[in-house]
Amino acid sequence: VMTAFYLFLINVIGTNGSYIIWFNYNINHRTIRLTQRTILIPYTIIALLLAIRCWDNDWYQYISLFLQYQQGHQPLRETEFLWAGLTQLMAKMNFTPQMFFFVMFGLQFFLFLRLIKNNFVFLLPFVTAVYMLTDMMSGTNIMRHWTAILVFLNGIPYIEKRKVWMFLLCAIIASGFHKSVLMYIPMYWFVNKKITIKIPYQILIVIFAIFVGNIWTLSIVRYLTAFMPSGYYDYYVEQGSDLNMNKSHIDSGLGMFLIYICNFLVMAYSNKLSLIYKDKHFDVVYSMFFYGCILFGALIPFGDDQRLALYFYSTRPIVLAFLLHYLWTNRKKQKNAILYFFIWILILAPIVRDLFNNDDIVFIHNMEQYPEVMFMYNTHFRYNL
């Protein structure tokens, strides 16, 4: 129950702050600054709440890497230059682990809010609520990858305006956090084209990818990782091969079903949304989302390989926010009002189910009292002697 309350509190703080900002922007026509109190205070509180507790598997890599640098050890596995540089800098400045995570989560929120402020400000409360209820918690675990994704997404306007050098700059900066972004540079020439496939065929393509597409996808991933600057990401392919031979781990239950119902609803309304939000970057974001759905569905059997789809699939909160905004502004039609609340139920249902299945909250300051946590930590705390 404590975990449920903790996550509920984070979502209430963030969504309420975003609504106040959005209300002032729409009603009072005030400009939005990321430094204003209605943004700074709630997101500082959220970053603090996220920074003081232990998370999932990847989180242990980041705390152990930070402490290894702080204790003067050479880690067995170096990360990309920007992440390693920031980690070493804070380690040398004698930051506590909580301070380190506070800065890193703060960076994620800055990149997310900058993306929304500069491109989708009218969607602010909708996209914030969806983001916090869906992708934010994943980002607190796969921190390096998620930071790279948020940098990459800030390049969306450069894709639309065909400013290839600015887009490449975003990709290079993102690669300083996770090199896998380099595989997506060629997609610049694809996502700038509006999806013109008929809606029923779009849905069929995604369904085909989920049930059949994985036959070819792993081969494509293996081909792309071969061109990476190092063999650092070969583990994606190896893990994918192992998991594909033993599909008993796949969660094809209610949660995944509800996720794809939301996705198909976005597709069903995509033509209408394109007409209304054509000058609001909808077409390029929807192209990224559509390709992301295909790749994410095809990679379902391959565990962590699904992360490779997130550079595009992470646009899901934005396209869902477009749909929610449309339904809300046209809520006088009973069908729109019903669908609006139905989508929120779809978003909340798997989260409510999972909240009460979680373990107790473990905070960093008393993690030594939990043997399972310390086992995970000691597993990752390895360095060159």
# chains A, B, ... in the order shown; residues from 1 in each chain; ligands from 1
>>> residues_around(residues="A:Leu323", least_positions_apart="2", cutoff="9 Å", atoms="only C-alpha atoms", output="VMD selection string")
chain A and resid 265 to 266 269 to 270 273 318 to 321 325 to 328 340
>>> residues_around(residues="stretch 160-168 of chain A", least_positions_apart="2", cutoff="8 Å", atoms="only C-alpha atoms", output="JSON list (two decimals) with N, CA, C and O atoms, in the first residue's frame")
[["chain", "number", "residue", "atom", "x", "y", "z"],
["A", 155, "GLY", "N", 14.77, 16.49, -30.89],
["A", 155, "GLY", "CA", 15.11, 16.77, -32.28],
["A", 155, "GLY", "C", 13.93, 16.68, -33.23],
["A", 155, "GLY", "O", 14.10, 16.86, -34.44],
["A", 156, "ILE", "N", 12.73, 16.43, -32.72],
["A", 156, "ILE", "CA", 11.53, 16.29, -33.57],
["A", 156, "ILE", "C", 11.32, 17.49, -34.49],
["A", 156, "ILE", "O", 11.09, 17.32, -35.69],
["A", 157, "PRO", "N", 11.39, 18.74, -33.98],
["A", 157, "PRO", "CA", 11.15, 19.87, -34.89],
["A", 157, "PRO", "C", 12.18, 19.97, -36.01],
["A", 157, "PRO", "O", 11.88, 20.45, -37.10],
["A", 158, "TYR", "N", 13.39, 19.46, -35.77],
["A", 158, "TYR", "CA", 14.42, 19.51, -36.80],
["A", 158, "TYR", "C", 14.14, 18.48, -37.90],
["A", 158, "TYR", "O", 14.53, 18.67, -39.06],
["A", 170, "CYS", "N", 21.53, 16.57, -32.20],
["A", 170, "CYS", "CA", 20.73, 15.94, -31.13],
["A", 170, "CYS", "C", 21.10, 14.46, -30.99],
["A", 170, "CYS", "O", 21.23, 13.95, -29.87],
["A", 171, "ALA", "N", 21.26, 13.79, -32.12],
["A", 171, "ALA", "CA", 21.59, 12.36, -32.10],
["A", 171, "ALA", "C", 22.98, 12.14, -31.50],
["A", 171, "ALA", "O", 23.18, 11.18, -30.73],
["A", 172, "ILE", "N", 23.92, 13.01, -31.82],
["A", 172, "ILE", "CA", 25.28, 12.87, -31.28],
["A", 172, "ILE", "C", 25.28, 13.10, -29.77],
["A", 172, "ILE", "O", 25.92, 12.37, -29.01],
["A", 185, "ILE", "N", 19.50, 7.13, -36.85],
["A", 185, "ILE", "CA", 19.78, 8.29, -37.70],
["A", 185, "ILE", "C", 19.19, 8.14, -39.10],
["A", 185, "ILE", "O", 18.60, 9.09, -39.63],
["A", 188, "TYR", "N", 15.57, 9.42, -40.13],
["A", 188, "TYR", "CA", 15.28, 10.83, -40.42],
["A", 188, "TYR", "C", 14.56, 10.97, -41.77],
["A", 188, "TYR", "O", 13.67, 11.80, -41.93],
["A", 192, "ASN", "N", 9.67, 11.74, -41.72],
["A", 192, "ASN", "CA", 9.21, 13.06, -42.18],
["A", 192, "ASN", "C", 8.11, 12.94, -43.22],
["A", 192, "ASN", "O", 7.58, 13.94, -43.71],
["A", 281, "HIS", "N", 2.86, 19.48, -35.26],
["A", 281, "HIS", "CA", 3.84, 18.38, -35.33],
["A", 281, "HIS", "C", 3.20, 16.99, -35.23],
["A", 281, "HIS", "O", 3.91, 16.01, -34.98],
["A", 284, "VAL", "N", 4.59, 14.05, -37.93],
["A", 284, "VAL", "CA", 5.91, 13.46, -37.71],
["A", 284, "VAL", "C", 5.92, 12.61, -36.45],
["A", 284, "VAL", "O", 6.53, 11.53, -36.40]]
>>> closest_residue(among="A:Asn11, A:Thr147, A:Asn263, A:Gln369", to="A:Ile343", atoms="only C-alpha atoms")
A:Asn263
>>> closest_residue(among="A:Gly292, A:Gly255, A:Gly176, A:Pro97", to="A:Glu80", atoms="only C-alpha atoms")
A:Gly176
>>> residues_around(residues="A:Lys198", least_positions_apart="4", cutoff="10 Å", atoms="only C-alpha atoms", output="NGL selection string")
:A and (202-203 or 267-268 or 271)
>>> write_last_selection(atoms="C-alpha atoms", output="mmCIF file, in the first residue's frame")
data_model
loop_
_atom_site.group_PDB
_atom_site.id
_atom_site.type_symbol
_atom_site.label_atom_id
_atom_site.label_comp_id
_atom_site.auth_asym_id
_atom_site.auth_seq_id
_atom_site.Cartn_x
_atom_site.Cartn_y
_atom_site.Cartn_z
ATOM 1 C CA GLN A 202 -2.120 0.070 -40.204
ATOM 2 C CA ILE A 203 -3.754 -1.959 -37.447
ATOM 3 C CA MET A 267 -4.621 4.836 -35.122
ATOM 4 C CA ALA A 268 -8.392 4.875 -35.629
ATOM 5 C CA ASN A 271 -6.652 10.917 -39.935
#
>>> residues_around(residues="A:Leu107", least_positions_apart="6", cutoff="12 Å", atoms="only C-alpha atoms", output="VMD selection string")
chain A and resid 43 to 44 47 83 86 100 to 101 113 to 114 139 to 140 143 to 144 146 to 148 150 to 151
>>> write_last_selection(atoms="all heavy atoms", output="compact mmCIF listing (two decimals), in the first residue's frame")
# COMPACT_ATOMS: atom_id res chain seq x y z
N TYR A 43 8.16 19.67 -9.81
CA TYR A 43 9.08 18.71 -10.42
C TYR A 43 10.35 18.53 -9.60
O TYR A 43 11.00 17.48 -9.66
CB TYR A 43 9.37 19.11 -11.86
CG TYR A 43 8.20 18.80 -12.76
CD1 TYR A 43 7.26 19.77 -13.09
CD2 TYR A 43 8.00 17.50 -13.22
CE1 TYR A 43 6.16 19.47 -13.88
CE2 TYR A 43 6.90 17.19 -14.01
CZ TYR A 43 5.98 18.17 -14.33
OH TYR A 43 4.89 17.86 -15.10
N THR A 44 10.71 19.54 -8.79
CA THR A 44 11.80 19.36 -7.84
C THR A 44 11.41 18.36 -6.77
O THR A 44 12.19 17.48 -6.39
CB THR A 44 12.17 20.71 -7.19
OG1 THR A 44 12.62 21.62 -8.19
CG2 THR A 44 13.28 20.53 -6.15
N ALA A 47 11.43 14.84 -8.42
CA ALA A 47 12.80 14.36 -8.61
C ALA A 47 13.40 13.91 -7.27
O ALA A 47 14.12 12.91 -7.20
CB ALA A 47 13.66 15.45 -9.24
N TRP A 83 27.39 10.33 -19.96
CA TRP A 83 26.93 9.75 -18.69
C TRP A 83 28.12 9.51 -17.75
O TRP A 83 28.06 9.85 -16.56
CB TRP A 83 26.20 8.43 -18.94
CG TRP A 83 25.61 7.89 -17.66
CD1 TRP A 83 26.21 7.07 -16.75
CD2 TRP A 83 24.30 8.16 -17.14
NE1 TRP A 83 25.37 6.82 -15.70
CE2 TRP A 83 24.20 7.47 -15.90
CE3 TRP A 83 23.22 8.92 -17.58
CZ2 TRP A 83 23.04 7.52 -15.12
CZ3 TRP A 83 22.07 8.97 -16.81
CH2 TRP A 83 22.00 8.27 -15.60
N LEU A 86 29.39 12.96 -16.36
CA LEU A 86 28.54 13.51 -15.32
C LEU A 86 28.66 12.71 -14.03
O LEU A 86 28.70 13.27 -12.92
CB LEU A 86 27.08 13.54 -15.78
CG LEU A 86 26.73 14.58 -16.85
CD1 LEU A 86 25.32 14.35 -17.39
CD2 LEU A 86 26.85 15.99 -16.29
N PHE A 100 23.15 12.51 -6.52
CA PHE A 100 23.46 12.08 -7.89
C PHE A 100 22.17 11.77 -8.65
O PHE A 100 21.95 12.26 -9.77
CB PHE A 100 24.38 10.87 -7.84
CG PHE A 100 24.47 10.11 -9.13
CD1 PHE A 100 25.13 10.64 -10.23
CD2 PHE A 100 23.89 8.84 -9.26
CE1 PHE A 100 25.21 9.93 -11.43
CE2 PHE A 100 23.96 8.13 -10.44
CZ PHE A 100 24.63 8.68 -11.53
N PHE A 101 21.30 10.95 -8.05
CA PHE A 101 20.06 10.58 -8.72
C PHE A 101 19.12 11.78 -8.86
O PHE A 101 18.39 11.88 -9.85
CB PHE A 101 19.37 9.44 -7.98
CG PHE A 101 20.04 8.11 -8.18
CD1 PHE A 101 20.61 7.43 -7.11
CD2 PHE A 101 20.11 7.53 -9.43
CE1 PHE A 101 21.22 6.21 -7.29
CE2 PHE A 101 20.72 6.31 -9.63
CZ PHE A 101 21.29 5.64 -8.55
N LEU A 113 10.15 18.31 -20.21
CA LEU A 113 9.38 19.56 -20.18
C LEU A 113 9.80 20.51 -21.30
O LEU A 113 8.97 21.24 -21.84
CB LEU A 113 9.54 20.23 -18.81
CG LEU A 113 8.86 19.50 -17.65
CD1 LEU A 113 9.32 20.08 -16.31
CD2 LEU A 113 7.35 19.58 -17.77
N ARG A 114 11.08 20.50 -21.64
CA ARG A 114 11.55 21.33 -22.76
C ARG A 114 10.90 20.88 -24.06
O ARG A 114 10.46 21.69 -24.88
CB ARG A 114 13.06 21.25 -22.88
CG ARG A 114 13.64 22.13 -23.99
CD ARG A 114 15.13 21.93 -24.18
NE ARG A 114 15.64 22.81 -25.21
CZ ARG A 114 15.58 22.58 -26.52
NH1 ARG A 114 15.00 21.46 -26.96
NH2 ARG A 114 16.06 23.44 -27.39
N GLY A 139 11.69 5.06 -17.13
CA GLY A 139 12.83 5.96 -17.26
C GLY A 139 13.68 6.04 -16.02
O GLY A 139 14.88 6.31 -16.10
N THR A 140 13.08 5.80 -14.84
CA THR A 140 13.87 5.84 -13.61
C THR A 140 14.72 4.58 -13.45
O THR A 140 15.64 4.56 -12.62
CB THR A 140 12.95 5.98 -12.38
OG1 THR A 140 12.04 4.87 -12.34
CG2 THR A 140 12.16 7.27 -12.43
N MET A 143 17.91 4.54 -16.93
CA MET A 143 18.17 5.98 -16.88
C MET A 143 19.02 6.48 -18.04
O MET A 143 18.73 7.51 -18.64
CB MET A 143 18.85 6.33 -15.55
CG MET A 143 17.98 6.10 -14.33
SD MET A 143 18.93 6.30 -12.80
CE MET A 143 19.53 7.97 -12.98
N ARG A 144 20.07 5.77 -18.34
CA ARG A 144 20.98 6.18 -19.41
C ARG A 144 20.26 6.17 -20.75
O ARG A 144 20.32 7.13 -21.52
CB ARG A 144 22.15 5.18 -19.43
CG ARG A 144 23.44 5.65 -19.99
CD ARG A 144 24.58 4.73 -19.54
NE ARG A 144 24.22 3.33 -19.58
CZ ARG A 144 24.37 2.52 -20.63
NH1 ARG A 144 24.84 3.01 -21.77
NH2 ARG A 144 24.04 1.26 -20.57
N TRP A 146 16.99 6.20 -21.26
CA TRP A 146 15.86 7.11 -21.29
C TRP A 146 16.32 8.55 -21.49
O TRP A 146 15.65 9.33 -22.18
CB TRP A 146 15.05 6.98 -20.01
CG TRP A 146 13.68 7.53 -20.18
CD1 TRP A 146 13.19 8.71 -19.70
CD2 TRP A 146 12.62 6.95 -20.95
NE1 TRP A 146 11.89 8.88 -20.09
CE2 TRP A 146 11.51 7.82 -20.87
CE3 TRP A 146 12.49 5.78 -21.68
CZ2 TRP A 146 10.31 7.55 -21.50
CZ3 TRP A 146 11.30 5.50 -22.31
CH2 TRP A 146 10.23 6.38 -22.21
N THR A 147 17.46 8.92 -20.90
CA THR A 147 17.99 10.26 -21.11
C THR A 147 18.33 10.46 -22.59
O THR A 147 18.04 11.51 -23.18
CB THR A 147 19.23 10.50 -20.23
OG1 THR A 147 18.91 10.23 -18.87
CG2 THR A 147 19.72 11.93 -20.36
N ALA A 148 18.93 9.43 -23.22
CA ALA A 148 19.24 9.50 -24.65
C ALA A 148 17.96 9.65 -25.47
O ALA A 148 17.91 10.43 -26.44
CB ALA A 148 20.00 8.25 -25.08
N LEU A 150 15.09 11.03 -24.56
CA LEU A 150 14.53 12.38 -24.39
C LEU A 150 15.33 13.42 -25.17
O LEU A 150 14.76 14.36 -25.73
CB LEU A 150 14.48 12.74 -22.90
CG LEU A 150 13.45 11.95 -22.08
CD1 LEU A 150 13.65 12.20 -20.59
CD2 LEU A 150 12.03 12.33 -22.49
N VAL A 151 16.65 13.26 -25.23
CA VAL A 151 17.46 14.16 -26.07
C VAL A 151 17.08 13.98 -27.52
O VAL A 151 16.89 14.95 -28.27
CB VAL A 151 18.98 13.88 -25.88
CG1 VAL A 151 19.80 14.71 -26.87
CG2 VAL A 151 19.41 14.21 -24.45
>>> residues_around(residues="A:Tyr131", least_positions_apart="3", cutoff="10 Å", atoms="only C-alpha atoms", output="list in words")
Asn11, Thr15, Phe112, Pro125, Phe126, Val127, Thr128, Thr134, Asp135, Met136, Met137, Ser314, Thr315, Arg316, Pro317, Ile318, Leu320 and Ala321 of chain A
>>> write_last_selection(atoms="N, CA, C and O atoms", output="PDB file, in the first residue's frame")
ATOM      1  N   ASN A  11       2.255  11.297  -9.027  1.00  0.00           N
ATOM      2  CA  ASN A  11       1.395  11.636 -10.159  1.00  0.00           C
ATOM      3  C   ASN A  11       0.496  12.831  -9.868  1.00  0.00           C
ATOM      4  O   ASN A  11       0.278  13.679 -10.736  1.00  0.00           O
ATOM      5  N   THR A  15       0.850  16.188 -12.174  1.00  0.00           N
ATOM      6  CA  THR A  15      -0.304  16.526 -13.010  1.00  0.00           C
ATOM      7  C   THR A  15      -0.960  17.824 -12.551  1.00  0.00           C
ATOM      8  O   THR A  15      -1.370  18.648 -13.377  1.00  0.00           O
ATOM      9  N   PHE A 112      12.211  16.427 -20.822  1.00  0.00           N
ATOM     10  CA  PHE A 112      10.802  16.148 -21.121  1.00  0.00           C
ATOM     11  C   PHE A 112       9.998  17.445 -21.198  1.00  0.00           C
ATOM     12  O   PHE A 112       9.246  17.674 -22.159  1.00  0.00           O
ATOM     13  N   PRO A 125      -1.131  19.227 -19.570  1.00  0.00           N
ATOM     14  CA  PRO A 125      -1.647  18.346 -18.501  1.00  0.00           C
ATOM     15  C   PRO A 125      -1.953  16.936 -18.983  1.00  0.00           C
ATOM     16  O   PRO A 125      -1.808  15.965 -18.235  1.00  0.00           O
ATOM     17  N   PHE A 126      -2.356  16.808 -20.254  1.00  0.00           N
ATOM     18  CA  PHE A 126      -2.674  15.480 -20.787  1.00  0.00           C
ATOM     19  C   PHE A 126      -1.411  14.632 -20.942  1.00  0.00           C
ATOM     20  O   PHE A 126      -1.357  13.489 -20.491  1.00  0.00           O
ATOM     21  N   VAL A 127      -0.396  15.214 -21.571  1.00  0.00           N
ATOM     22  CA  VAL A 127       0.822  14.447 -21.827  1.00  0.00           C
ATOM     23  C   VAL A 127       1.587  14.182 -20.536  1.00  0.00           C
ATOM     24  O   VAL A 127       2.201  13.112 -20.363  1.00  0.00           O
ATOM     25  N   THR A 128       1.544  15.120 -19.588  1.00  0.00           N
ATOM     26  CA  THR A 128       2.213  14.905 -18.312  1.00  0.00           C
ATOM     27  C   THR A 128       1.578  13.748 -17.552  1.00  0.00           C
ATOM     28  O   THR A 128       2.280  12.876 -17.024  1.00  0.00           O
ATOM     29  N   THR A 134       2.716   6.067 -17.337  1.00  0.00           N
ATOM     30  CA  THR A 134       3.185   5.004 -18.233  1.00  0.00           C
ATOM     31  C   THR A 134       4.707   4.914 -18.288  1.00  0.00           C
ATOM     32  O   THR A 134       5.291   3.961 -17.781  1.00  0.00           O
ATOM     33  N   ASP A 135       5.356   5.904 -18.852  1.00  0.00           N
ATOM     34  CA  ASP A 135       6.778   5.779 -19.186  1.00  0.00           C
ATOM     35  C   ASP A 135       7.743   6.264 -18.106  1.00  0.00           C
ATOM     36  O   ASP A 135       8.907   5.857 -18.099  1.00  0.00           O
ATOM     37  N   MET A 136       7.307   7.132 -17.215  1.00  0.00           N
ATOM     38  CA  MET A 136       8.242   7.762 -16.278  1.00  0.00           C
ATOM     39  C   MET A 136       8.974   6.738 -15.423  1.00  0.00           C
ATOM     40  O   MET A 136      10.188   6.829 -15.214  1.00  0.00           O
ATOM     41  N   MET A 137       8.241   5.747 -14.913  1.00  0.00           N
ATOM     42  CA  MET A 137       8.869   4.774 -14.022  1.00  0.00           C
ATOM     43  C   MET A 137       9.892   3.916 -14.757  1.00  0.00           C
ATOM     44  O   MET A 137      10.907   3.524 -14.187  1.00  0.00           O
ATOM     45  N   SER A 314       8.396   5.725 -27.657  1.00  0.00           N
ATOM     46  CA  SER A 314       8.233   6.630 -26.507  1.00  0.00           C
ATOM     47  C   SER A 314       7.431   7.878 -26.867  1.00  0.00           C
ATOM     48  O   SER A 314       7.150   8.705 -25.989  1.00  0.00           O
ATOM     49  N   THR A 315       7.041   8.029 -28.133  1.00  0.00           N
ATOM     50  CA  THR A 315       6.111   9.103 -28.517  1.00  0.00           C
ATOM     51  C   THR A 315       4.673   8.745 -28.136  1.00  0.00           C
ATOM     52  O   THR A 315       3.765   9.565 -28.321  1.00  0.00           O
ATOM     53  N   ARG A 316       4.465   7.561 -27.598  1.00  0.00           N
ATOM     54  CA  ARG A 316       3.104   7.111 -27.247  1.00  0.00           C
ATOM     55  C   ARG A 316       2.372   8.086 -26.322  1.00  0.00           C
ATOM     56  O   ARG A 316       1.200   8.411 -26.572  1.00  0.00           O
ATOM     57  N   PRO A 317       2.995   8.589 -25.236  1.00  0.00           N
ATOM     58  CA  PRO A 317       2.272   9.558 -24.400  1.00  0.00           C
ATOM     59  C   PRO A 317       1.849  10.808 -25.163  1.00  0.00           C
ATOM     60  O   PRO A 317       0.798  11.395 -24.867  1.00  0.00           O
ATOM     61  N   ILE A 318       2.630  11.208 -26.169  1.00  0.00           N
ATOM     62  CA  ILE A 318       2.302  12.424 -26.916  1.00  0.00           C
ATOM     63  C   ILE A 318       1.105  12.183 -27.818  1.00  0.00           C
ATOM     64  O   ILE A 318       0.170  12.989 -27.850  1.00  0.00           O
ATOM     65  N   LEU A 320      -1.177   9.858 -27.528  1.00  0.00           N
ATOM     66  CA  LEU A 320      -2.341   9.659 -26.668  1.00  0.00           C
ATOM     67  C   LEU A 320      -2.860  11.003 -26.152  1.00  0.00           C
ATOM     68  O   LEU A 320      -4.074  11.206 -26.050  1.00  0.00           O
ATOM     69  N   ALA A 321      -1.942  11.922 -25.840  1.00  0.00           N
ATOM     70  CA  ALA A 321      -2.351  13.254 -25.379  1.00  0.00           C
ATOM     71  C   ALA A 321      -3.082  14.015 -26.480  1.00  0.00           C
ATOM     72  O   ALA A 321      -4.045  14.740 -26.205  1.00  0.00           O
TER      73      ALA A 321
END
>>> atom_distance(atom1="atom CA of A:Asp58", atom2="atom CA of A:Phe312")
21.1 Å
>>> closest_residue(among="A:Leu9, A:Ala129, A:Ile63, A:Leu204", to="A:Asn141", atoms="only C-alpha atoms")
A:Ile63
>>> atom_distance(atom1="atom CA of A:Gln68", atom2="atom CA of A:Ala91")
8.7 Å
>>> closest_residue(among="A:Gln70, A:Phe81, A:Thr35, A:Val206", to="A:Phe296", atoms="only C-alpha atoms")
A:Val206
>>> atom_distance(atom1="atom CA of A:Arg307", atom2="atom CA of A:Val181")
10.8 Å
